[in-house]
Amino acid sequence: MKFLSLLYGFAVFIRNKLYDLKLLKTREVENVEIICVGNIVAGGSGKTPAVQYFVRKYLSEGKKVGVLSRGYKGKRAVDTMLVRNEKEIVAKPSESGDEAYLHALNLQVPVVVSKDRYEGAVYLRNKCSVDFIIMDDGFQHRKLKKDKNIVLIDATNPFGGDEYLPKGRLRESINELKRADEIIITKSNYVKNDVVKMIKDRIKKYNKPISVAVFKENHFYNVKGEIFESDIIKNKNVLIFSSIANPKTFYDTVKKVGPEKIDEIKFADHHSYNEEEIEEISVESKNYDYVITTEKDIVKINRDIENLLVLKMEFEII
């Protein structure tokens with residue numbers, strides 16, 4: 001595993017060096033501003049709520065905003081695909097991938113998925129007439145020129161164990177933070193203040209603006225759209241299930257609300273649920289007061305589960 005990590009790290013280093021030396025070319029999409037929300041560690045930094053935070057921020061400033069995503073794990077006949085326009089969703093979650101579909105559910109702005117982010121940005125500019133694009137992930141996608149790179153650092157696992165994938169979770173060297181325009185330390189409310197200080201001390205040499213954000217529970221809702229205060233599960237027996245990169249944060253958030261008992265089913269990140277797995281969760285649900293999942297997971301559940309609640313999380317810069 002260590003050898004594979006070293007090999008991966010060397011390949012990423014060479015690729016970045018080729019871009020730094022301009023031997024690999026970057027493409028620019030004119031007449032539109034592109035803001036990338038990314039990270040240097042694989043998954044779990046809170047990109048999805050952060051993207052939605054920045055979309056709403058720029059909308060409040062009168063900008064016409066679109067969202068661009070790779071559409072990871074989406075199975076579609078054509079690559080560059082519109083997921084929603086300003087009025088309605090026009091794609092299935094199985095086509096768009098769970099993250100892009102979640103943006104489509106939560107935001108009334110154009111959402112486009114494309115492995116070729118340049119083509120996706122051109123589509124948003126030409127077909128959707130946006131002047132601001134929030135790019136969900138893509139700090140490592142250097143082929144497309146961004147006007148601003150916002151890098152998120154997860155306070156609960158800031159540097160991926162200081163090992164490259166697959167042994168650790170680093171996508172590239174921490175030194176590549178030199179390419180960032182702004183750094184946000186997320187999930188600061190899940191760690192002690194000295195951990196946040198340690199992260200700041202380690203990255204201050206890059207001379208980038210550093211902000212701190214919290215990632216907190218807002219409310220629960222069900223598939224009918226009914227909203228419930230977070231204390232609905234207080235002193236209750238709950239089963240939680242998820243397929244996210246950092247399930248510990250999900251567990252800790254539910255625990256903080258004060259249920260009597262928590263049991264947990266974990267799946268791999270971006271897992272696609274099959275009928276047998278959904279049936280197993282449905283059968284198990286009868287033994288609990290509530291079953292709880294994440295917003296990323298609910299878009300992949302295609303049937304009713306008794307007493308199922310979805311946890312709504314909120315990203316806020318403090």
# chains A, B, ... in the order shown; residues from 1 in each chain; ligands from 1
$ residues_around --residues "range 280-289 of chain A" --least-positions-apart "4" --cutoff "8 Å" --atoms "only C-alpha atoms" --output "VMD selection string"
chain A and resid 236 to 239 276 305 to 307
$ write_last_selection --atoms "N, CA, C and O atoms" --output "compact mmCIF listing (two decimals), in the first residue's frame"
# COMPACT_ATOMS: atom_id res chain seq x y z
N LYS A 236 -34.66 8.67 22.00
CA LYS A 236 -35.24 7.63 21.14
C LYS A 236 -34.15 6.65 20.70
O LYS A 236 -32.95 6.95 20.76
N ASN A 237 -34.59 5.48 20.26
CA ASN A 237 -33.68 4.51 19.67
C ASN A 237 -33.66 4.71 18.16
O ASN A 237 -34.72 4.69 17.52
N VAL A 238 -32.46 4.94 17.60
CA VAL A 238 -32.37 5.26 16.17
C VAL A 238 -31.36 4.36 15.48
O VAL A 238 -30.38 3.89 16.07
N LEU A 239 -31.62 4.13 14.21
CA LEU A 239 -30.70 3.46 13.29
C LEU A 239 -30.27 4.46 12.26
O LEU A 239 -31.11 5.12 11.65
N GLU A 276 -32.01 -5.29 -2.31
CA GLU A 276 -31.81 -6.13 -1.12
C GLU A 276 -31.36 -5.30 0.07
O GLU A 276 -31.82 -5.52 1.21
N ILE A 305 -39.40 4.04 3.55
CA ILE A 305 -38.94 3.28 4.71
C ILE A 305 -39.62 3.89 5.93
O ILE A 305 -39.62 5.11 6.12
N GLU A 306 -40.20 3.04 6.75
CA GLU A 306 -40.96 3.51 7.90
C GLU A 306 -40.11 4.37 8.84
O GLU A 306 -38.97 4.02 9.16
N ASN A 307 -40.67 5.51 9.24
CA ASN A 307 -40.02 6.41 10.21
C ASN A 307 -38.66 6.92 9.73
O ASN A 307 -37.76 7.17 10.55
$ closest_atom_pairs --of "range 175-207 of chain A" --to "range 153-168 of chain A" --cutoff "8 Å" --atoms "only C-alpha atoms" --output "CSV"
residue,atom,partner,partner_atom,distance
A:Ile183,CA,A:Ile153,CA,7.3
A:Ile184,CA,A:Ile153,CA,6.1
A:Ile185,CA,A:Ile153,CA,4.7
A:Thr186,CA,A:Asp154,CA,5.0
A:Lys187,CA,A:Ala155,CA,5.6
A:Ser188,CA,A:Ala155,CA,5.6
A:Tyr190,CA,A:Thr156,CA,6.8
A:Val191,CA,A:Thr156,CA,6.5
A:Val195,CA,A:Ala155,CA,7.3
A:Val196,CA,A:Ala155,CA,6.6
A:Ile199,CA,A:Pro158,CA,7.3
$ closest_residue --among "A:Asp136, A:Glu99, A:Asp79, A:Glu264" --to "Ser114 in chain A" --atoms "only C-alpha atoms"
A:Asp79
$ closest_residue --among "A:Lys22, A:Arg84, A:His219, A:Lys197" --to "Val310 in chain A" --atoms "only C-alpha atoms"
A:His219
$ residues_around --residues "Ser96 in chain A" --least-positions-apart "2" --cutoff "8 Å" --atoms "only C-alpha atoms" --output "ChimeraX atom specification"
/A:71-76,81,83,91-94,98-101,113
$ write_last_selection --atoms "N, CA, C and O atoms" --output "PDB file, in the first residue's frame"
ATOM      1  N   GLY A  71     -20.186  14.997 -11.733  1.00  0.00           N
ATOM      2  CA  GLY A  71     -21.240  13.992 -11.813  1.00  0.00           C
ATOM      3  C   GLY A  71     -20.721  12.612 -11.512  1.00  0.00           C
ATOM      4  O   GLY A  71     -21.060  11.633 -12.189  1.00  0.00           O
ATOM      5  N   TYR A  72     -19.912  12.523 -10.451  1.00  0.00           N
ATOM      6  CA  TYR A  72     -19.250  11.267 -10.089  1.00  0.00           C
ATOM      7  C   TYR A  72     -20.263  10.147  -9.861  1.00  0.00           C
ATOM      8  O   TYR A  72     -21.260  10.335  -9.196  1.00  0.00           O
ATOM      9  N   LYS A  73     -19.996   9.004 -10.464  1.00  0.00           N
ATOM     10  CA  LYS A  73     -20.809   7.794 -10.367  1.00  0.00           C
ATOM     11  C   LYS A  73     -22.126   7.884 -11.123  1.00  0.00           C
ATOM     12  O   LYS A  73     -22.929   6.952 -11.110  1.00  0.00           O
ATOM     13  N   GLY A  74     -22.382   9.006 -11.794  1.00  0.00           N
ATOM     14  CA  GLY A  74     -23.586   9.110 -12.608  1.00  0.00           C
ATOM     15  C   GLY A  74     -23.428   8.312 -13.899  1.00  0.00           C
ATOM     16  O   GLY A  74     -22.371   8.341 -14.536  1.00  0.00           O
ATOM     17  N   LYS A  75     -24.459   7.590 -14.287  1.00  0.00           N
ATOM     18  CA  LYS A  75     -24.436   6.786 -15.509  1.00  0.00           C
ATOM     19  C   LYS A  75     -25.374   7.425 -16.523  1.00  0.00           C
ATOM     20  O   LYS A  75     -26.594   7.368 -16.373  1.00  0.00           O
ATOM     21  N   ARG A  76     -24.783   8.064 -17.532  1.00  0.00           N
ATOM     22  CA  ARG A  76     -25.581   8.812 -18.497  1.00  0.00           C
ATOM     23  C   ARG A  76     -25.109   8.528 -19.919  1.00  0.00           C
ATOM     24  O   ARG A  76     -23.944   8.214 -20.160  1.00  0.00           O
ATOM     25  N   MET A  81     -24.312  17.178 -19.414  1.00  0.00           N
ATOM     26  CA  MET A  81     -25.751  16.991 -19.285  1.00  0.00           C
ATOM     27  C   MET A  81     -26.337  17.994 -18.299  1.00  0.00           C
ATOM     28  O   MET A  81     -25.772  18.246 -17.233  1.00  0.00           O
ATOM     29  N   VAL A  83     -28.781  18.913 -15.491  1.00  0.00           N
ATOM     30  CA  VAL A  83     -29.492  18.210 -14.424  1.00  0.00           C
ATOM     31  C   VAL A  83     -30.757  18.967 -14.043  1.00  0.00           C
ATOM     32  O   VAL A  83     -31.793  18.377 -13.808  1.00  0.00           O
ATOM     33  N   ALA A  91     -33.217  15.516 -14.895  1.00  0.00           N
ATOM     34  CA  ALA A  91     -32.412  14.300 -14.960  1.00  0.00           C
ATOM     35  C   ALA A  91     -32.683  13.458 -13.715  1.00  0.00           C
ATOM     36  O   ALA A  91     -33.249  13.939 -12.726  1.00  0.00           O
ATOM     37  N   LYS A  92     -32.284  12.205 -13.766  1.00  0.00           N
ATOM     38  CA  LYS A  92     -32.436  11.295 -12.633  1.00  0.00           C
ATOM     39  C   LYS A  92     -31.137  11.281 -11.815  1.00  0.00           C
ATOM     40  O   LYS A  92     -30.054  11.521 -12.356  1.00  0.00           O
ATOM     41  N   PRO A  93     -31.228  10.956 -10.512  1.00  0.00           N
ATOM     42  CA  PRO A  93     -30.004  10.877  -9.698  1.00  0.00           C
ATOM     43  C   PRO A  93     -29.027   9.818 -10.202  1.00  0.00           C
ATOM     44  O   PRO A  93     -27.811   9.975 -10.063  1.00  0.00           O
ATOM     45  N   SER A  94     -29.555   8.751 -10.808  1.00  0.00           N
ATOM     46  CA  SER A  94     -28.670   7.709 -11.342  1.00  0.00           C
ATOM     47  C   SER A  94     -27.849   8.233 -12.521  1.00  0.00           C
ATOM     48  O   SER A  94     -26.761   7.728 -12.806  1.00  0.00           O
ATOM     49  N   ASP A  98     -25.061  11.500  -7.080  1.00  0.00           N
ATOM     50  CA  ASP A  98     -25.814  11.970  -5.918  1.00  0.00           C
ATOM     51  C   ASP A  98     -25.545  13.430  -5.565  1.00  0.00           C
ATOM     52  O   ASP A  98     -26.468  14.177  -5.213  1.00  0.00           O
ATOM     53  N   GLU A  99     -24.288  13.890  -5.675  1.00  0.00           N
ATOM     54  CA  GLU A  99     -23.979  15.263  -5.264  1.00  0.00           C
ATOM     55  C   GLU A  99     -24.661  16.288  -6.168  1.00  0.00           C
ATOM     56  O   GLU A  99     -25.258  17.262  -5.694  1.00  0.00           O
ATOM     57  N   ALA A 100     -24.568  16.084  -7.477  1.00  0.00           N
ATOM     58  CA  ALA A 100     -25.182  17.026  -8.412  1.00  0.00           C
ATOM     59  C   ALA A 100     -26.692  17.035  -8.251  1.00  0.00           C
ATOM     60  O   ALA A 100     -27.330  18.095  -8.325  1.00  0.00           O
ATOM     61  N   TYR A 101     -27.292  15.870  -8.023  1.00  0.00           N
ATOM     62  CA  TYR A 101     -28.742  15.814  -7.855  1.00  0.00           C
ATOM     63  C   TYR A 101     -29.167  16.526  -6.578  1.00  0.00           C
ATOM     64  O   TYR A 101     -30.217  17.181  -6.542  1.00  0.00           O
ATOM     65  N   VAL A 113     -23.594  18.597 -15.254  1.00  0.00           N
ATOM     66  CA  VAL A 113     -22.525  17.635 -14.962  1.00  0.00           C
ATOM     67  C   VAL A 113     -21.741  17.358 -16.240  1.00  0.00           C
ATOM     68  O   VAL A 113     -22.310  17.265 -17.326  1.00  0.00           O
TER      69      VAL A 113
END
$ closest_residue --among "A:Leu308, A:Ile292, A:Ile203, A:Val122" --to "Phe241 in chain A" --atoms "only C-alpha atoms"
A:Ile292
$ select_by_dssp --residues "range 173-301 of chain A" --states "helix (DSSP H, G or I)" --output "VMD selection string"
chain A and resid 174 to 179 188 to 190 193 to 206 230 to 233 247 to 257 275 to 285 295 to 298
$ residues_around --residues "Ile89 in chain A" --least-positions-apart "5" --cutoff "10 Å" --atoms "only C-alpha atoms" --output "list in words"
Leu82, Val83, Arg84, Tyr101, Ala104, Leu105, Gln108, Val109, Pro110 and Val111 of chain A
$ write_last_selection --atoms "N, CA and C atoms" --output "mmCIF file, in the first residue's frame"
data_model
loop_
_atom_site.group_PDB
_atom_site.id
_atom_site.type_symbol
_atom_site.label_atom_id
_atom_site.label_comp_id
_atom_site.auth_asym_id
_atom_site.auth_seq_id
_atom_site.Cartn_x
_atom_site.Cartn_y
_atom_site.Cartn_z
ATOM 1 N N LEU A 82 -27.462 18.561 -18.676
ATOM 2 C CA LEU A 82 -28.196 19.458 -17.791
ATOM 3 C C LEU A 82 -28.984 18.624 -16.774
ATOM 4 N N VAL A 83 -28.781 18.913 -15.491
ATOM 5 C CA VAL A 83 -29.492 18.210 -14.424
ATOM 6 C C VAL A 83 -30.757 18.967 -14.043
ATOM 7 N N ARG A 84 -30.639 20.299 -13.955
ATOM 8 C CA ARG A 84 -31.830 21.115 -13.763
ATOM 9 C C ARG A 84 -31.626 22.474 -14.409
ATOM 10 N N TYR A 101 -27.292 15.870 -8.023
ATOM 11 C CA TYR A 101 -28.742 15.814 -7.855
ATOM 12 C C TYR A 101 -29.167 16.526 -6.578
ATOM 13 N N ALA A 104 -29.389 20.046 -7.296
ATOM 14 C CA ALA A 104 -30.602 20.310 -8.067
ATOM 15 C C ALA A 104 -31.837 20.372 -7.176
ATOM 16 N N LEU A 105 -31.859 19.565 -6.119
ATOM 17 C CA LEU A 105 -32.988 19.565 -5.193
ATOM 18 C C LEU A 105 -33.019 20.819 -4.323
ATOM 19 N N GLN A 108 -32.383 26.513 -6.891
ATOM 20 C CA GLN A 108 -33.157 26.797 -8.100
ATOM 21 C C GLN A 108 -32.283 27.532 -9.109
ATOM 22 N N VAL A 109 -31.173 26.880 -9.455
ATOM 23 C CA VAL A 109 -30.238 27.419 -10.439
ATOM 24 C C VAL A 109 -29.858 26.296 -11.391
ATOM 25 N N PRO A 110 -29.332 26.631 -12.583
ATOM 26 C CA PRO A 110 -28.891 25.580 -13.499
ATOM 27 C C PRO A 110 -27.773 24.730 -12.885
ATOM 28 N N VAL A 111 -27.899 23.418 -13.040
ATOM 29 C CA VAL A 111 -26.876 22.467 -12.587
ATOM 30 C C VAL A 111 -26.489 21.607 -13.776
#
$ residues_around --residues "Glu314 in chain A" --least-positions-apart "4" --cutoff "8 Å" --atoms "only C-alpha atoms" --output "list in words"
Pro49, Phe215, Lys216, Glu217 and Asn218 of chain A
$ atom_distance --atom1 "CA of Val151 in chain A" --atom2 "CA of His271 in chain A"
24.9 Å
$ closest_residue --among "A:Lys204, A:Gly138, A:Lys146, A:Gly43" --to "Ser243 in chain A" --atoms "only C-alpha atoms"
A:Gly43
$ residues_around --residues "Val254 in chain A" --least-positions-apart "6" --cutoff "10 Å" --atoms "only C-alpha atoms" --output "CSV table (one decimal) with all heavy atoms, in the first residue's frame"
chain,number,residue,atom,x,y,z
A,217,GLU,N,-26.1,20.6,12.5
A,217,GLU,CA,-27.5,20.2,12.2
A,217,GLU,C,-28.5,21.3,12.2
A,217,GLU,O,-28.4,22.2,13.1
A,217,GLU,CB,-27.9,19.1,13.2
A,217,GLU,CG,-28.2,19.6,14.6
A,217,GLU,CD,-27.0,19.8,15.5
A,217,GLU,OE1,-25.9,19.6,15.0
A,217,GLU,OE2,-27.2,20.2,16.7
A,230,SER,N,-34.7,19.2,15.6
A,230,SER,CA,-33.7,18.1,15.9
A,230,SER,C,-34.0,17.3,17.1
A,230,SER,O,-33.6,16.1,17.2
A,230,SER,CB,-32.3,18.8,15.9
A,230,SER,OG,-32.3,19.7,17.0
A,233,ILE,N,-35.6,13.2,18.0
A,233,ILE,CA,-35.0,11.9,18.3
A,233,ILE,C,-34.4,11.8,19.7
A,233,ILE,O,-33.8,10.8,20.1
A,233,ILE,CB,-33.9,11.6,17.3
A,233,ILE,CG1,-32.7,12.6,17.4
A,233,ILE,CG2,-34.5,11.6,15.8
A,233,ILE,CD1,-31.5,12.1,16.6
A,234,LYS,N,-34.6,12.9,20.5
A,234,LYS,CA,-34.0,12.9,21.9
A,234,LYS,C,-34.7,11.7,22.7
A,234,LYS,O,-35.9,11.5,22.7
A,234,LYS,CB,-34.3,14.2,22.5
A,234,LYS,CG,-33.6,14.4,23.9
A,234,LYS,CD,-33.8,15.8,24.4
A,234,LYS,CE,-33.0,16.0,25.7
A,234,LYS,NZ,-31.6,15.9,25.5
A,238,VAL,N,-32.5,4.9,17.6
A,238,VAL,CA,-32.4,5.3,16.2
A,238,VAL,C,-31.4,4.4,15.5
A,238,VAL,O,-30.4,3.9,16.1
A,238,VAL,CB,-32.0,6.7,16.0
A,238,VAL,CG1,-33.0,7.7,16.6
A,238,VAL,CG2,-30.6,7.1,16.5
A,240,ILE,N,-29.0,4.6,12.1
A,240,ILE,CA,-28.5,5.5,11.0
A,240,ILE,C,-27.8,4.7,9.9
A,240,ILE,O,-27.2,3.7,10.2
A,240,ILE,CB,-27.6,6.6,11.6
A,240,ILE,CG1,-26.2,6.0,12.1
A,240,ILE,CG2,-28.3,7.4,12.7
A,240,ILE,CD1,-25.2,7.1,12.5
A,248,LYS,N,-18.2,9.3,10.5
A,248,LYS,CA,-18.0,9.6,11.9
A,248,LYS,C,-18.7,10.9,12.2
A,248,LYS,O,-19.3,11.1,13.3
A,248,LYS,CB,-16.6,9.6,12.3
A,248,LYS,CG,-16.3,9.8,13.8
A,248,LYS,CD,-14.9,9.8,14.2
A,248,LYS,CE,-14.7,9.9,15.7
A,248,LYS,NZ,-15.3,11.2,16.3
A,262,ILE,N,-27.9,4.5,19.5
A,262,ILE,CA,-27.7,4.6,18.0
A,262,ILE,C,-27.0,3.3,17.5
A,262,ILE,O,-26.0,2.9,18.0
A,262,ILE,CB,-26.7,5.8,17.7
A,262,ILE,CG1,-27.1,7.1,18.3
A,262,ILE,CG2,-26.5,5.9,16.2
A,262,ILE,CD1,-26.1,8.2,18.1
A,292,ILE,N,-32.4,7.2,10.3
A,292,ILE,CA,-31.9,8.5,9.9
A,292,ILE,C,-30.8,8.3,8.8
A,292,ILE,O,-29.9,7.4,8.9
A,292,ILE,CB,-31.3,9.3,11.1
A,292,ILE,CG1,-32.4,9.4,12.2
A,292,ILE,CG2,-30.8,10.6,10.6
A,292,ILE,CD1,-31.8,10.0,13.5
A,293,THR,N,-30.9,9.1,7.8
A,293,THR,CA,-29.8,9.1,6.7
A,293,THR,C,-29.5,10.5,6.4
A,293,THR,O,-30.0,11.5,6.9
A,293,THR,CB,-30.3,8.3,5.5
A,293,THR,OG1,-29.2,8.0,4.7
A,293,THR,CG2,-31.4,9.0,4.7
A,311,LEU,N,-31.3,14.1,7.7
A,311,LEU,CA,-30.6,15.1,8.5
A,311,LEU,C,-30.2,16.2,7.6
A,311,LEU,O,-29.5,16.0,6.6
A,311,LEU,CB,-29.4,14.6,9.2
A,311,LEU,CG,-28.6,15.5,10.0
A,311,LEU,CD1,-29.4,16.2,11.2
A,311,LEU,CD2,-27.3,14.9,10.6
$ select_by_dssp --residues "range 176-289 of chain A" --states "strand (DSSP E or B)" --output "ChimeraX atom specification"
/A:182-186,210-221,227-228,237-242,261-266
$ residues_around --residues "Asn246 in chain A" --least-positions-apart "5" --cutoff "9 Å" --atoms "only C-alpha atoms" --output "PyMOL selection string"
chain A and resi 43-45+269
$ closest_residue --among "A:Lys127, A:Lys208, A:His103, A:Arg142" --to "Ala50 in chain A" --atoms "only C-alpha atoms"
A:His103
